[in-house]
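**Q** I am sharing query-v8.txt, which consists of compact mmCIF, C-alpha atoms and all ligand atoms:
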```txt
# COMPACT_ATOMS: atom_id res chain seq x y z
CA MET E 1 47.97 175.57 69.24
CA LEU E 2 46.11 178.55 67.81
CA ILE E 3 47.35 179.17 64.25
CA GLY E 4 46.52 182.50 62.60
CA CYS E 5 46.73 183.65 59.02
CA PRO E 6 46.28 187.36 58.17
CA LYS E 7 45.58 188.74 54.69
CA GLU E 8 48.79 189.85 52.93
CA ILE E 9 49.03 193.64 52.74
CA LYS E 10 52.18 194.14 50.65
CA PRO E 11 51.19 195.75 47.31
CA GLN E 12 50.44 193.26 44.51
CA GLU E 13 50.70 190.24 46.84
CA TYR E 14 47.79 187.90 46.19
CA ARG E 15 49.15 184.73 47.78
CA VAL E 16 48.03 183.54 51.22
CA GLY E 17 50.08 181.78 53.90
CA LEU E 18 47.59 179.05 54.71
CA THR E 19 45.44 177.16 52.20
CA PRO E 20 42.10 175.67 53.26
CA VAL E 21 43.74 172.24 52.85
CA ALA E 22 46.53 173.19 55.26
CA ALA E 23 43.97 174.61 57.68
CA GLN E 24 42.02 171.35 57.53
CA GLU E 25 45.21 169.37 58.19
CA ALA E 26 46.06 171.52 61.23
CA LEU E 27 42.54 171.10 62.58
CA ALA E 28 42.80 167.33 62.11
CA HIS E 29 45.90 167.43 64.30
CA GLY E 30 43.85 169.06 67.06
CA HIS E 31 44.82 172.70 66.52
CA ASP E 32 42.62 175.75 66.08
CA VAL E 33 42.87 177.99 63.01
CA ILE E 34 41.80 181.62 62.57
CA VAL E 35 41.96 183.32 59.16
CA GLU E 36 41.33 186.98 58.35
CA THR E 37 38.30 187.52 56.16
CA GLY E 38 39.30 187.79 52.49
CA ALA E 39 42.82 186.42 53.18
CA GLY E 40 42.54 183.79 50.45
CA GLN E 41 40.55 185.85 47.95
CA GLY E 42 43.50 186.73 45.69
CA ALA E 43 44.43 183.06 45.41
CA GLY E 44 40.85 181.99 44.71
CA PHE E 45 39.94 180.72 48.20
CA ASP E 46 36.90 182.46 49.63
CA ASP E 47 35.97 182.59 53.31
CA GLY E 48 33.54 179.72 52.72
CA ALA E 49 36.42 177.40 51.81
CA TYR E 50 38.08 178.06 55.16
CA LEU E 51 34.80 177.73 57.06
CA ALA E 52 34.15 174.42 55.28
CA ALA E 53 37.60 173.26 56.38
CA GLY E 54 36.58 174.01 59.96
CA ALA E 55 38.59 177.21 60.45
CA GLN E 56 37.21 180.35 62.05
CA VAL E 57 37.12 183.53 59.92
CA VAL E 58 37.72 186.77 61.83
CA ASP E 59 37.21 190.38 60.76
CA THR E 60 40.61 191.95 61.36
CA ALA E 61 44.32 191.27 61.15
CA GLU E 62 44.60 192.81 64.63
CA GLU E 63 42.62 189.90 66.04
CA ILE E 64 44.93 187.40 64.33
CA PHE E 65 48.10 189.04 65.67
CA ALA E 66 46.60 189.46 69.16
CA ARG E 67 45.36 185.88 69.51
CA ALA E 68 47.50 183.55 67.40
CA GLU E 69 50.42 181.62 68.93
CA LEU E 70 51.70 180.80 65.44
CA VAL E 71 51.31 183.37 62.63
CA VAL E 72 51.70 181.94 59.12
CA LYS E 73 52.22 184.38 56.24
CA VAL E 74 53.86 184.73 52.82
CA LYS E 75 55.71 188.05 52.69
CA GLU E 76 57.82 189.73 55.34
CA PRO E 77 55.67 191.55 57.93
CA GLN E 78 55.08 195.18 57.05
CA PRO E 79 55.74 197.91 59.68
CA GLY E 80 52.14 197.93 60.95
CA GLU E 81 52.19 194.14 61.28
CA ARG E 82 55.57 194.16 63.00
CA ALA E 83 54.22 196.49 65.68
CA GLN E 84 51.72 193.76 66.63
CA LEU E 85 54.18 190.87 67.02
CA ARG E 86 55.21 189.83 70.52
CA GLU E 87 57.52 187.63 72.56
CA GLY E 88 56.30 184.07 72.86
CA GLN E 89 54.66 184.25 69.42
CA VAL E 90 56.07 182.34 66.43
CA LEU E 91 56.15 183.93 62.96
CA PHE E 92 56.62 181.60 59.97
CA THR E 93 57.04 183.42 56.63
CA TYR E 94 59.53 184.74 54.03
CA LEU E 95 61.67 187.41 55.75
CA HIS E 96 64.75 188.22 53.58
CA LEU E 97 66.26 190.11 56.53
CA ALA E 98 69.85 190.62 55.29
CA PRO E 99 69.20 193.80 53.27
CA ASP E 100 66.36 194.99 55.55
CA ALA E 101 67.72 196.62 58.71
CA PRO E 102 64.42 198.28 59.80
CA GLN E 103 62.62 194.94 59.72
CA THR E 104 65.43 193.23 61.64
CA ARG E 105 65.27 195.95 64.31
CA ASP E 106 61.50 195.64 64.65
CA LEU E 107 61.54 191.84 64.90
CA LEU E 108 64.25 191.98 67.57
CA ASP E 109 62.35 194.68 69.48
CA SER E 110 59.15 192.63 69.35
CA GLY E 111 60.84 189.54 70.84
CA VAL E 112 59.01 187.32 68.30
CA THR E 113 60.43 183.92 67.34
CA ALA E 114 60.76 184.32 63.58
CA ILE E 115 61.47 181.41 61.25
CA ALA E 116 62.25 182.42 57.67
CA TYR E 117 61.11 180.18 54.81
CA GLU E 118 64.12 181.13 52.70
CA THR E 119 66.77 179.93 55.15
CA VAL E 120 65.28 176.50 55.96
CA THR E 121 67.60 173.93 54.33
CA ASP E 122 67.39 170.26 53.32
CA ARG E 123 69.71 167.26 53.24
CA ALA E 124 70.58 167.78 49.60
CA GLY E 125 71.86 171.30 50.33
CA GLY E 126 68.74 172.87 48.79
CA LEU E 127 66.27 175.43 50.06
CA PRO E 128 62.97 173.51 50.17
CA LEU E 129 60.76 176.52 50.92
CA LEU E 130 62.35 178.69 48.23
CA ALA E 131 62.41 175.99 45.54
CA PRO E 132 58.65 175.98 44.84
CA MET E 133 58.75 179.67 43.87
CA SER E 134 61.76 179.05 41.64
CA GLU E 135 59.81 176.21 40.03
CA VAL E 136 56.88 178.56 39.43
CA ALA E 137 59.05 181.40 38.07
CA GLY E 138 60.95 178.94 35.87
CA ARG E 139 57.81 177.44 34.36
CA LEU E 140 56.29 180.88 33.88
CA ALA E 141 59.36 182.31 32.10
CA PRO E 142 58.78 180.72 28.65
CA GLN E 143 55.06 181.54 28.93
CA VAL E 144 55.70 185.28 29.46
CA GLY E 145 58.61 185.14 27.03
CA ALA E 146 56.34 183.70 24.32
CA TRP E 147 53.89 186.56 24.92
CA THR E 148 56.76 189.08 24.79
CA LEU E 149 57.82 187.61 21.42
CA GLN E 150 54.43 188.41 19.89
CA LYS E 151 54.53 191.25 17.36
CA ALA E 152 51.91 193.41 19.09
CA ASN E 153 54.05 193.37 22.23
CA GLY E 154 57.14 194.61 20.39
CA GLY E 155 58.59 191.14 19.88
CA ARG E 156 60.01 189.36 16.88
CA GLY E 157 56.74 187.73 15.94
CA VAL E 158 58.09 184.21 16.28
CA LEU E 159 55.99 181.23 17.39
CA MET E 160 57.63 179.08 20.07
CA GLY E 161 56.89 175.76 18.40
CA GLY E 162 57.04 176.95 14.80
CA VAL E 163 54.75 174.99 12.43
CA PRO E 164 55.50 172.21 9.94
CA GLY E 165 58.01 173.69 7.52
CA VAL E 166 58.84 176.64 9.81
CA ALA E 167 61.60 176.42 12.42
CA PRO E 168 60.69 176.80 16.09
CA ALA E 169 61.97 179.63 18.29
CA ARG E 170 65.51 179.31 19.62
CA VAL E 171 65.53 179.64 23.39
CA VAL E 172 68.70 179.98 25.46
CA VAL E 173 68.47 179.51 29.23
CA ILE E 174 71.45 180.83 31.19
CA GLY E 175 71.71 178.97 34.52
CA GLY E 176 70.56 175.35 34.82
CA GLY E 177 69.41 175.32 38.46
CA VAL E 178 65.81 175.10 39.63
CA VAL E 179 64.52 178.07 37.58
CA GLY E 180 66.54 177.13 34.50
CA THR E 181 65.58 173.46 34.47
CA HIS E 182 61.88 174.20 34.77
CA ALA E 183 62.11 176.99 32.17
CA ALA E 184 63.90 174.68 29.72
CA ARG E 185 61.38 171.88 30.19
CA ILE E 186 58.42 174.14 29.50
CA ALA E 187 60.09 175.89 26.55
CA ALA E 188 60.94 172.49 25.05
CA GLY E 189 57.39 171.35 25.76
CA MET E 190 56.14 174.34 23.73
CA GLY E 191 58.20 173.01 20.85
CA ALA E 192 61.11 175.45 21.03
CA ASP E 193 64.72 174.57 20.26
CA VAL E 194 66.28 174.95 23.74
CA THR E 195 69.86 175.14 25.02
CA VAL E 196 70.78 175.48 28.70
CA LEU E 197 74.09 177.11 29.68
CA ASP E 198 75.72 176.60 33.09
CA MET E 199 79.18 177.01 34.62
CA SER E 200 78.80 173.84 36.69
CA LEU E 201 79.88 170.72 34.82
CA SER E 202 78.22 168.45 37.38
CA ARG E 203 74.98 170.35 36.80
CA LEU E 204 75.34 170.00 33.02
CA ARG E 205 76.04 166.27 33.42
CA HIS E 206 72.90 165.87 35.50
CA LEU E 207 70.80 167.82 32.98
CA ASP E 208 72.20 165.81 30.09
CA ASP E 209 71.50 162.53 31.89
CA VAL E 210 67.93 163.44 32.68
CA PHE E 211 66.91 165.71 29.78
CA GLY E 212 69.36 164.78 27.02
CA ARG E 213 66.56 164.25 24.48
CA VAL E 214 64.51 167.23 25.58
CA PHE E 215 67.04 170.08 25.41
CA LYS E 216 70.74 170.69 24.74
CA THR E 217 73.37 171.82 27.23
CA SER E 218 76.41 174.03 26.75
CA TYR E 219 79.21 175.27 28.99
CA ALA E 220 78.66 178.92 29.93
CA SER E 221 81.95 180.35 28.66
CA ARG E 222 81.84 183.93 27.38
CA GLY E 223 82.31 182.72 23.80
CA ASN E 224 79.56 180.09 23.90
CA THR E 225 77.18 182.47 25.64
CA ALA E 226 77.77 185.28 23.11
CA GLU E 227 77.33 182.93 20.14
CA LEU E 228 74.10 181.38 21.42
CA VAL E 229 72.66 184.74 22.47
CA GLU E 230 73.22 186.12 18.95
CA GLN E 231 71.17 183.27 17.46
CA ALA E 232 68.43 183.33 20.10
CA ASP E 233 64.83 184.47 19.78
CA MET E 234 64.51 184.34 23.59
CA VAL E 235 67.07 184.36 26.40
CA ILE E 236 66.02 183.43 29.92
CA GLY E 237 68.33 184.61 32.72
CA ALA E 238 68.25 182.10 35.60
CA VAL E 239 71.65 182.30 37.32
CA LEU E 240 72.29 182.51 41.03
CA ILE E 241 75.48 183.00 42.98
CA PRO E 242 74.21 182.50 46.54
CA GLY E 243 74.48 185.63 48.64
CA ALA E 244 75.81 187.76 45.78
CA GLU E 245 74.39 190.08 43.17
CA ALA E 246 73.77 188.36 39.83
CA PRO E 247 76.69 188.61 37.37
CA LYS E 248 75.97 190.66 34.21
CA LEU E 249 76.18 188.11 31.41
CA ILE E 250 74.85 190.16 28.46
CA THR E 251 76.14 193.71 27.99
CA ARG E 252 74.28 196.54 26.29
CA ALA E 253 76.78 196.40 23.42
CA GLN E 254 75.78 192.76 22.79
CA LEU E 255 72.14 193.74 22.19
CA SER E 256 73.07 195.10 18.77
CA ASP E 257 74.34 191.62 17.81
CA MET E 258 70.99 190.03 18.72
CA LYS E 259 68.00 189.49 16.41
CA PRO E 260 65.71 192.59 16.44
CA GLY E 261 62.66 191.95 18.63
CA ALA E 262 64.27 189.09 20.55
CA ALA E 263 63.04 188.68 24.14
CA LEU E 264 65.15 188.79 27.29
CA VAL E 265 63.37 187.34 30.35
CA ASP E 266 65.48 188.14 33.41
CA VAL E 267 64.23 185.91 36.23
CA ALA E 268 67.35 186.76 38.26
CA ILE E 269 66.14 190.37 38.48
CA ASP E 270 65.40 189.85 42.19
CA GLN E 271 69.18 189.53 42.65
CA GLY E 272 69.92 192.60 40.52
CA GLY E 273 69.43 190.95 37.12
CA CYS E 274 71.92 189.14 34.88
CA PHE E 275 71.65 191.44 31.83
CA GLU E 276 73.28 194.89 31.95
CA THR E 277 70.10 196.54 30.64
CA SER E 278 67.69 194.88 33.14
CA ARG E 279 65.66 196.93 35.59
CA PRO E 280 62.82 195.64 37.77
CA THR E 281 59.30 195.88 36.31
CA THR E 282 55.85 195.04 37.65
CA HIS E 283 52.99 192.85 36.45
CA ALA E 284 51.12 196.05 35.56
CA ASP E 285 53.86 197.14 33.11
CA PRO E 286 56.12 194.12 32.66
CA ILE E 287 58.09 194.76 29.44
CA TYR E 288 60.23 197.50 27.94
CA ASP E 289 62.45 197.98 24.92
CA VAL E 290 66.19 198.67 24.88
CA ASP E 291 67.80 198.98 21.43
CA GLY E 292 65.00 196.92 19.87
CA ILE E 293 65.33 194.03 22.34
CA MET E 294 62.27 193.41 24.54
CA HIS E 295 62.97 192.98 28.27
CA TYR E 296 60.67 191.24 30.78
CA CYS E 297 62.02 191.77 34.32
CA VAL E 298 59.23 191.24 36.88
CA ALA E 299 60.77 190.76 40.31
CA ASN E 300 57.88 188.76 41.81
CA MET E 301 56.87 186.52 38.93
CA PRO E 302 55.01 183.95 41.10
CA GLY E 303 52.49 186.69 41.98
CA ALA E 304 51.10 186.41 38.43
CA VAL E 305 49.86 182.91 39.20
CA ALA E 306 48.89 183.45 42.83
CA ARG E 307 46.71 180.37 43.06
CA SER E 308 49.30 177.91 41.73
CA SER E 309 52.00 179.65 43.78
CA THR E 310 49.94 179.48 46.97
CA LEU E 311 49.26 175.78 46.45
CA ALA E 312 52.94 175.06 45.70
CA LEU E 313 54.12 177.04 48.72
CA GLY E 314 51.46 175.43 50.92
CA ASN E 315 52.60 171.92 49.95
CA ALA E 316 56.16 172.81 50.95
CA THR E 317 55.38 174.68 54.19
CA MET E 318 52.66 172.36 55.54
CA PRO E 319 54.90 169.70 57.14
CA PHE E 320 56.96 172.43 58.84
CA MET E 321 53.85 174.30 59.97
CA LEU E 322 52.47 171.07 61.45
CA ALA E 323 55.78 170.31 63.21
CA LEU E 324 55.69 173.80 64.77
CA ALA E 325 52.12 173.32 65.92
CA ASN E 326 52.47 169.69 67.08
CA LYS E 327 55.78 169.94 68.90
CA GLY E 328 56.27 173.65 69.58
CA TRP E 329 59.09 175.52 67.82
CA ARG E 330 61.84 174.42 70.23
CA GLN E 331 61.24 170.69 69.85
CA ALA E 332 60.59 170.99 66.13
CA CYS E 333 63.91 172.79 65.61
CA GLU E 334 65.79 170.54 68.03
CA ASP E 335 64.63 167.47 66.09
CA ASP E 336 65.64 168.90 62.71
CA ALA E 337 68.85 170.89 62.19
CA HIS E 338 67.62 171.94 58.73
CA PHE E 339 64.54 173.49 60.26
CA LEU E 340 66.68 175.17 62.94
CA ALA E 341 68.55 176.85 60.06
CA GLY E 342 65.33 178.78 59.48
CA LEU E 343 65.45 180.46 62.88
CA ASN E 344 66.31 184.14 62.35
CA THR E 345 65.23 185.87 65.59
CA HIS E 346 64.16 184.74 69.05
CA ALA E 347 63.36 186.72 72.22
CA GLY E 348 65.28 189.79 71.03
CA HIS E 349 68.29 187.80 69.76
CA LEU E 350 69.42 187.61 66.15
CA THR E 351 70.12 183.94 65.36
CA TYR E 352 71.16 184.01 61.70
CA TYR E 353 74.85 184.66 60.95
CA ALA E 354 74.55 186.10 57.44
CA VAL E 355 72.11 188.74 58.70
CA GLY E 356 74.38 189.59 61.64
CA LYS E 357 77.31 189.97 59.25
CA ALA E 358 75.34 192.15 56.84
CA GLN E 359 74.08 194.44 59.58
CA GLY E 360 76.89 194.33 62.18
CA ILE E 361 74.67 192.78 64.87
CA ASP E 362 75.86 190.16 67.40
CA VAL E 363 74.38 186.73 66.78
CA LEU E 364 73.27 184.12 69.30
CA SER E 365 73.85 180.65 67.87
CA PRO E 366 70.54 178.98 66.98
CA SER E 367 71.37 175.99 69.21
CA MET E 368 71.89 178.36 72.17
CA ALA E 369 68.63 180.11 71.32
CA LEU E 370 66.82 176.83 71.90
CA LYS E 371 67.75 177.17 75.57
CA VAL E 372 66.60 180.80 75.97
N1 LIG E 401 61.83 186.96 39.48
C1 LIG E 401 61.24 186.09 40.29
O1 LIG E 401 60.06 186.19 40.57
C2 LIG E 401 62.03 184.94 40.85
C3 LIG E 401 61.38 183.86 41.46
C4 LIG E 401 62.16 182.78 41.91
C5 LIG E 401 63.55 182.83 41.77
N2 LIG E 401 64.14 183.92 41.20
C6 LIG E 401 65.60 184.03 40.99
O2 LIG E 401 66.01 183.17 39.95
C7 LIG E 401 67.42 182.95 40.06
C8 LIG E 401 67.75 181.48 39.92
O3 LIG E 401 67.21 180.77 41.05
P1 LIG E 401 67.39 179.19 41.19
O4 LIG E 401 66.49 178.78 42.32
O5 LIG E 401 67.23 178.53 39.88
O6 LIG E 401 68.90 179.07 41.66
P2 LIG E 401 69.82 177.76 41.59
O7 LIG E 401 70.89 177.95 42.59
O8 LIG E 401 68.98 176.53 41.64
O9 LIG E 401 70.45 177.81 40.11
C9 LIG E 401 71.37 178.79 39.69
C10 LIG E 401 72.25 178.19 38.62
O10 LIG E 401 73.03 179.26 38.06
C11 LIG E 401 74.30 178.71 37.71
N3 LIG E 401 75.24 179.81 37.48
C12 LIG E 401 75.83 180.63 38.39
N4 LIG E 401 76.60 181.53 37.76
C13 LIG E 401 76.50 181.28 36.43
C14 LIG E 401 77.06 181.87 35.27
N5 LIG E 401 77.89 182.91 35.34
N6 LIG E 401 76.70 181.35 34.07
C15 LIG E 401 75.88 180.32 33.97
N7 LIG E 401 75.32 179.70 35.04
C16 LIG E 401 75.63 180.19 36.25
C17 LIG E 401 74.63 177.80 38.88
O11 LIG E 401 75.62 176.84 38.57
C18 LIG E 401 73.26 177.15 39.15
O12 LIG E 401 73.11 175.94 38.44
C19 LIG E 401 67.79 183.54 41.44
O13 LIG E 401 68.34 184.82 41.25
C20 LIG E 401 66.47 183.63 42.15
O14 LIG E 401 66.48 184.61 43.17
C21 LIG E 401 63.40 184.96 40.76
```
In C-alpha cells, what does this structure look like?

**A**
Amino acid sequence: MLIGCPKEIKPQEYRVGLTPVAAQEALAHGHDVIVETGAGQGAGFDDGAYLAAGAQVVDTAEEIFARAELVVKVKEPQPGERAQLREGQVLFTYLHLAPDAPQTRDLLDSGVTAIAYETVTDRAGGLPLLAPMSEVAGRLAPQVGAWTLQKANGGRGVLMGGVPGVAPARVVVIGGGVVGTHAARIAAGMGADVTVLDMSLSRLRHLDDVFGRVFKTSYASRGNTAELVEQADMVIGAVLIPGAEAPKLITRAQLSDMKPGAALVDVAIDQGGCFETSRPTTHADPIYDVDGIMHYCVANMPGAVARSSTLALGNATMPFMLALANKGWRQACEDDAHFLAGLNTHAGHLTYYAVGKAQGIDVLSPSMALKV
C-alpha cells in the first residue's frame, strides 16, 4: 500500500502523523511511504531522517493526497485538504466530527473512508489513541503550573518541592483519570504535597492501591473540594464527563478564598473548562489573571512538546496503521471491533452514531459499511 503523510497546516500544530520509525516499520512490511518535505520539522525530524528510513520525500501536499491510498495525519483535515480526499482513499487521523458540521459534510461528499483516532476503543473501555495525549497533557500540567507559580509570571512565588525547612507547594488535582494520574505523579515527583480528588470511588481505590505513598486521595464532594482549593498553591483541572461539557467546579466567588497568586491549570479547557473563570489561551500567551489568581488554559497542551507528543502518538497509532496497510481497512476493522469503532465515514455514509445524533444525519452501522 502507498502510505502518505502531509505536513500539518493547522495553526500552531507542530506534530506529524508518521515518525521516521513508523515509516521504516511500514517499509519493512513491504509498503511504500511518501512524506511531504518539512512534514516532520516541527517535531525535530528532518527530511533526511525519512530518507534514511527509506521513505520518499515529495514537494507538495497535493502529491500526497493525489497518490496515497492511506493518508496518515494528526489534526482534522482543513478545508483545502478535504477538497483533495476521494472515495477509495483511507484517512487515519483525529477528526472530532461531532461539533464540526462543515467537516462532516466535506468528508461525506469526498467519499473518503475516515477512521478517527479519538473513537477507536480498547478492551478496557479506554480510548487508546486519545490516552497518549492525555498522558502528555497530564505530565505537562505541573511543569507549566510550576512556571505559572513563579513570581515574575504573576504567581505566588512558591517552589514546588520547597527546600529543607520550607514546606513544598500544595497541589490539588481534580479528576483522577489519565490526565489527573499523570499530573499527580509528576507533581509529587517534583516534591509537592499532592491530593487527587475524584467522584469515582473505584478510581480512588485504584489510585490509593497504586500510589498510596506518592499522593493522597479525597472524595470530590463540594465541601472537600472547596476546603482543599482554599489551601492550594496550584489546582489542576482534569475532569471529564464523556460527551458533555466539563462541570464548573470552582466559581469566581471562590477565587477570593484562595491564596493570592495561586495557579489554576485547566487541562479540561478543551471541553469548556472546569473553572468558571477559564477561557482558552494559546502557547503564545498562555496565562492570565482573574482576581489575583493566575490561570493557564491552553487548549492544545501537547503542542508545546511536539516531539514527545509525536513519538507518543506514533507508538499508539503504529499497530493500527500497519493493520490498515497490511490487511486493508475492511479486514482490519472486521478483525477488531474496537478498531471498527473508529470508522466515522465511508463512501458517503456517516458511520458514527454520536456524530449522526449531534448533526441529525442518518447513520449506516459500521458493520454494514464493511459490506459497501
Ligand atoms: N488541554 C489539553 O491539551 C488536553 C489534552 C488532553 C486531554 N485534555 C482533557 O483533559 C480532561 C481529562 O481527560 P482524561 O483523559 O484524564 O479523562 P478520564 O476520563 O481519564 O478522567 C476523567 C476523570 O474525571 C473524573 N470526574 C468526572 N467528573 C468529576 C467531578 N465532578 N469531580 C471530580 N472528578 C470528576 C472521572 O471520574 C474520571 O476519573 C478532558 O477534558 C480531556 O479532553 C486536554

**Q** Of the candidates E:Ala347, E:Val178, E:Ala23, E:Ile361, which one gets nearest to ligand LIG 401 (chain E) if we count only C-alpha atoms and all ligand atoms?

**A** E:Val178

**Q** Could I get the residue neighbourhood of ligand LIG 401 (chain E) at 8 Å, counting all atoms listed in the file, as JSON, numbers by chain?

**A** {"E": [130, 131, 133, 134, 135, 136, 137, 138, 174, 175, 176, 177, 178, 179, 180, 181, 197, 198, 199, 200, 203, 219, 220, 221, 237, 238, 239, 240, 241, 242, 246, 247, 249, 266, 267, 268, 269, 270, 271, 272, 273, 297, 298, 299, 300, 301, 302, 303]}

**Q** Excluding Leu311 (chain E) and residues on its chain fewer than 4 positions from it, collect all residues at most 12 Å away from it, counting all atoms listed in the file, and give them as a list in words.

**A**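 So, after excluding close chain neighbours, the residues are Arg15, Val16, Gly17, Leu18, Thr19, Pro20, Val21, Ala22, Gly40, Ala43, Gly44, Phe45, Val74, Pro132, Met133, Val136, Pro302, Val305, Ala306, Arg307, Asn315, Ala316, Thr317 and Met318 of chain E.
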
**Q** Could you check the closest approach to Asp59 (chain E) for each of E:Leu343, E:Val71, E:Val35, E:Leu207 and tell me which residue wins, using only C-alpha atoms?

**A**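 Answer, going by the shortest atom-to-atom distance: E:Val35.
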
**Q** Using all atoms listed in the file, what residues lie at most 12 Å away from (50.7, 195.9, 57.3) (file coordinates), given as a list in words?

**A** Pro6, Lys7, Glu8, Ile9, Lys10, Pro11, Glu13, Thr60, Ala61, Glu62, Phe65, Lys73, Lys75, Glu76, Pro77, Gln78, Pro79, Gly80, Glu81, Arg82, Ala83, Gln84 and Leu85 of chain E

**Q** Distance cut-off 12 Å, centre (56.2, 172.3, 63.7) in file coordinates, counting only C-alpha atoms: which residues qualify? Return them as a PyMOL selection string.

**A** chain E and resi 1+3+26+29+31+70+72+90-92+115+317-336+339-340+342

**Q** Between CA of Gly189 (chain E) and CA of His206 (chain E), what is the spacing in Å?

**A**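 Distance reported for this atom pair: 19.1 Å.
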
**Q** Residues at most 12 Å from region 157-159 of chain E, counting all atoms listed in the file, excluding those fewer than 2 positions away in the same chain, as a PyMOL selection string?

**A** chain E and resi 142-143+145-155+161-164+166-171+187+190-193+232-234+259-263+294

**Q** As a PDB file with C-alpha atoms, in the coordinates of the input, please: the residues near Val196 (chain E) (cut-off 6 Å, all atoms listed in the file, same-chain neighbours under 5 positions excluded).

**A**
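Final file, selection.pdb:
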```pdb
ATOM      1  CA  VAL E 172      68.700 179.980  25.460  1.00  0.00           C
ATOM      2  CA  VAL E 173      68.470 179.510  29.230  1.00  0.00           C
ATOM      3  CA  ILE E 174      71.450 180.830  31.190  1.00  0.00           C
ATOM      4  CA  THR E 217      73.370 171.820  27.230  1.00  0.00           C
TER       5      THR E 217
END
```

**Q** Have a look at CA of Gln359 (chain E) and CA of Lys371 (chain E) and let me know their distance in Å, one decimal.

**A** 24.4 Å
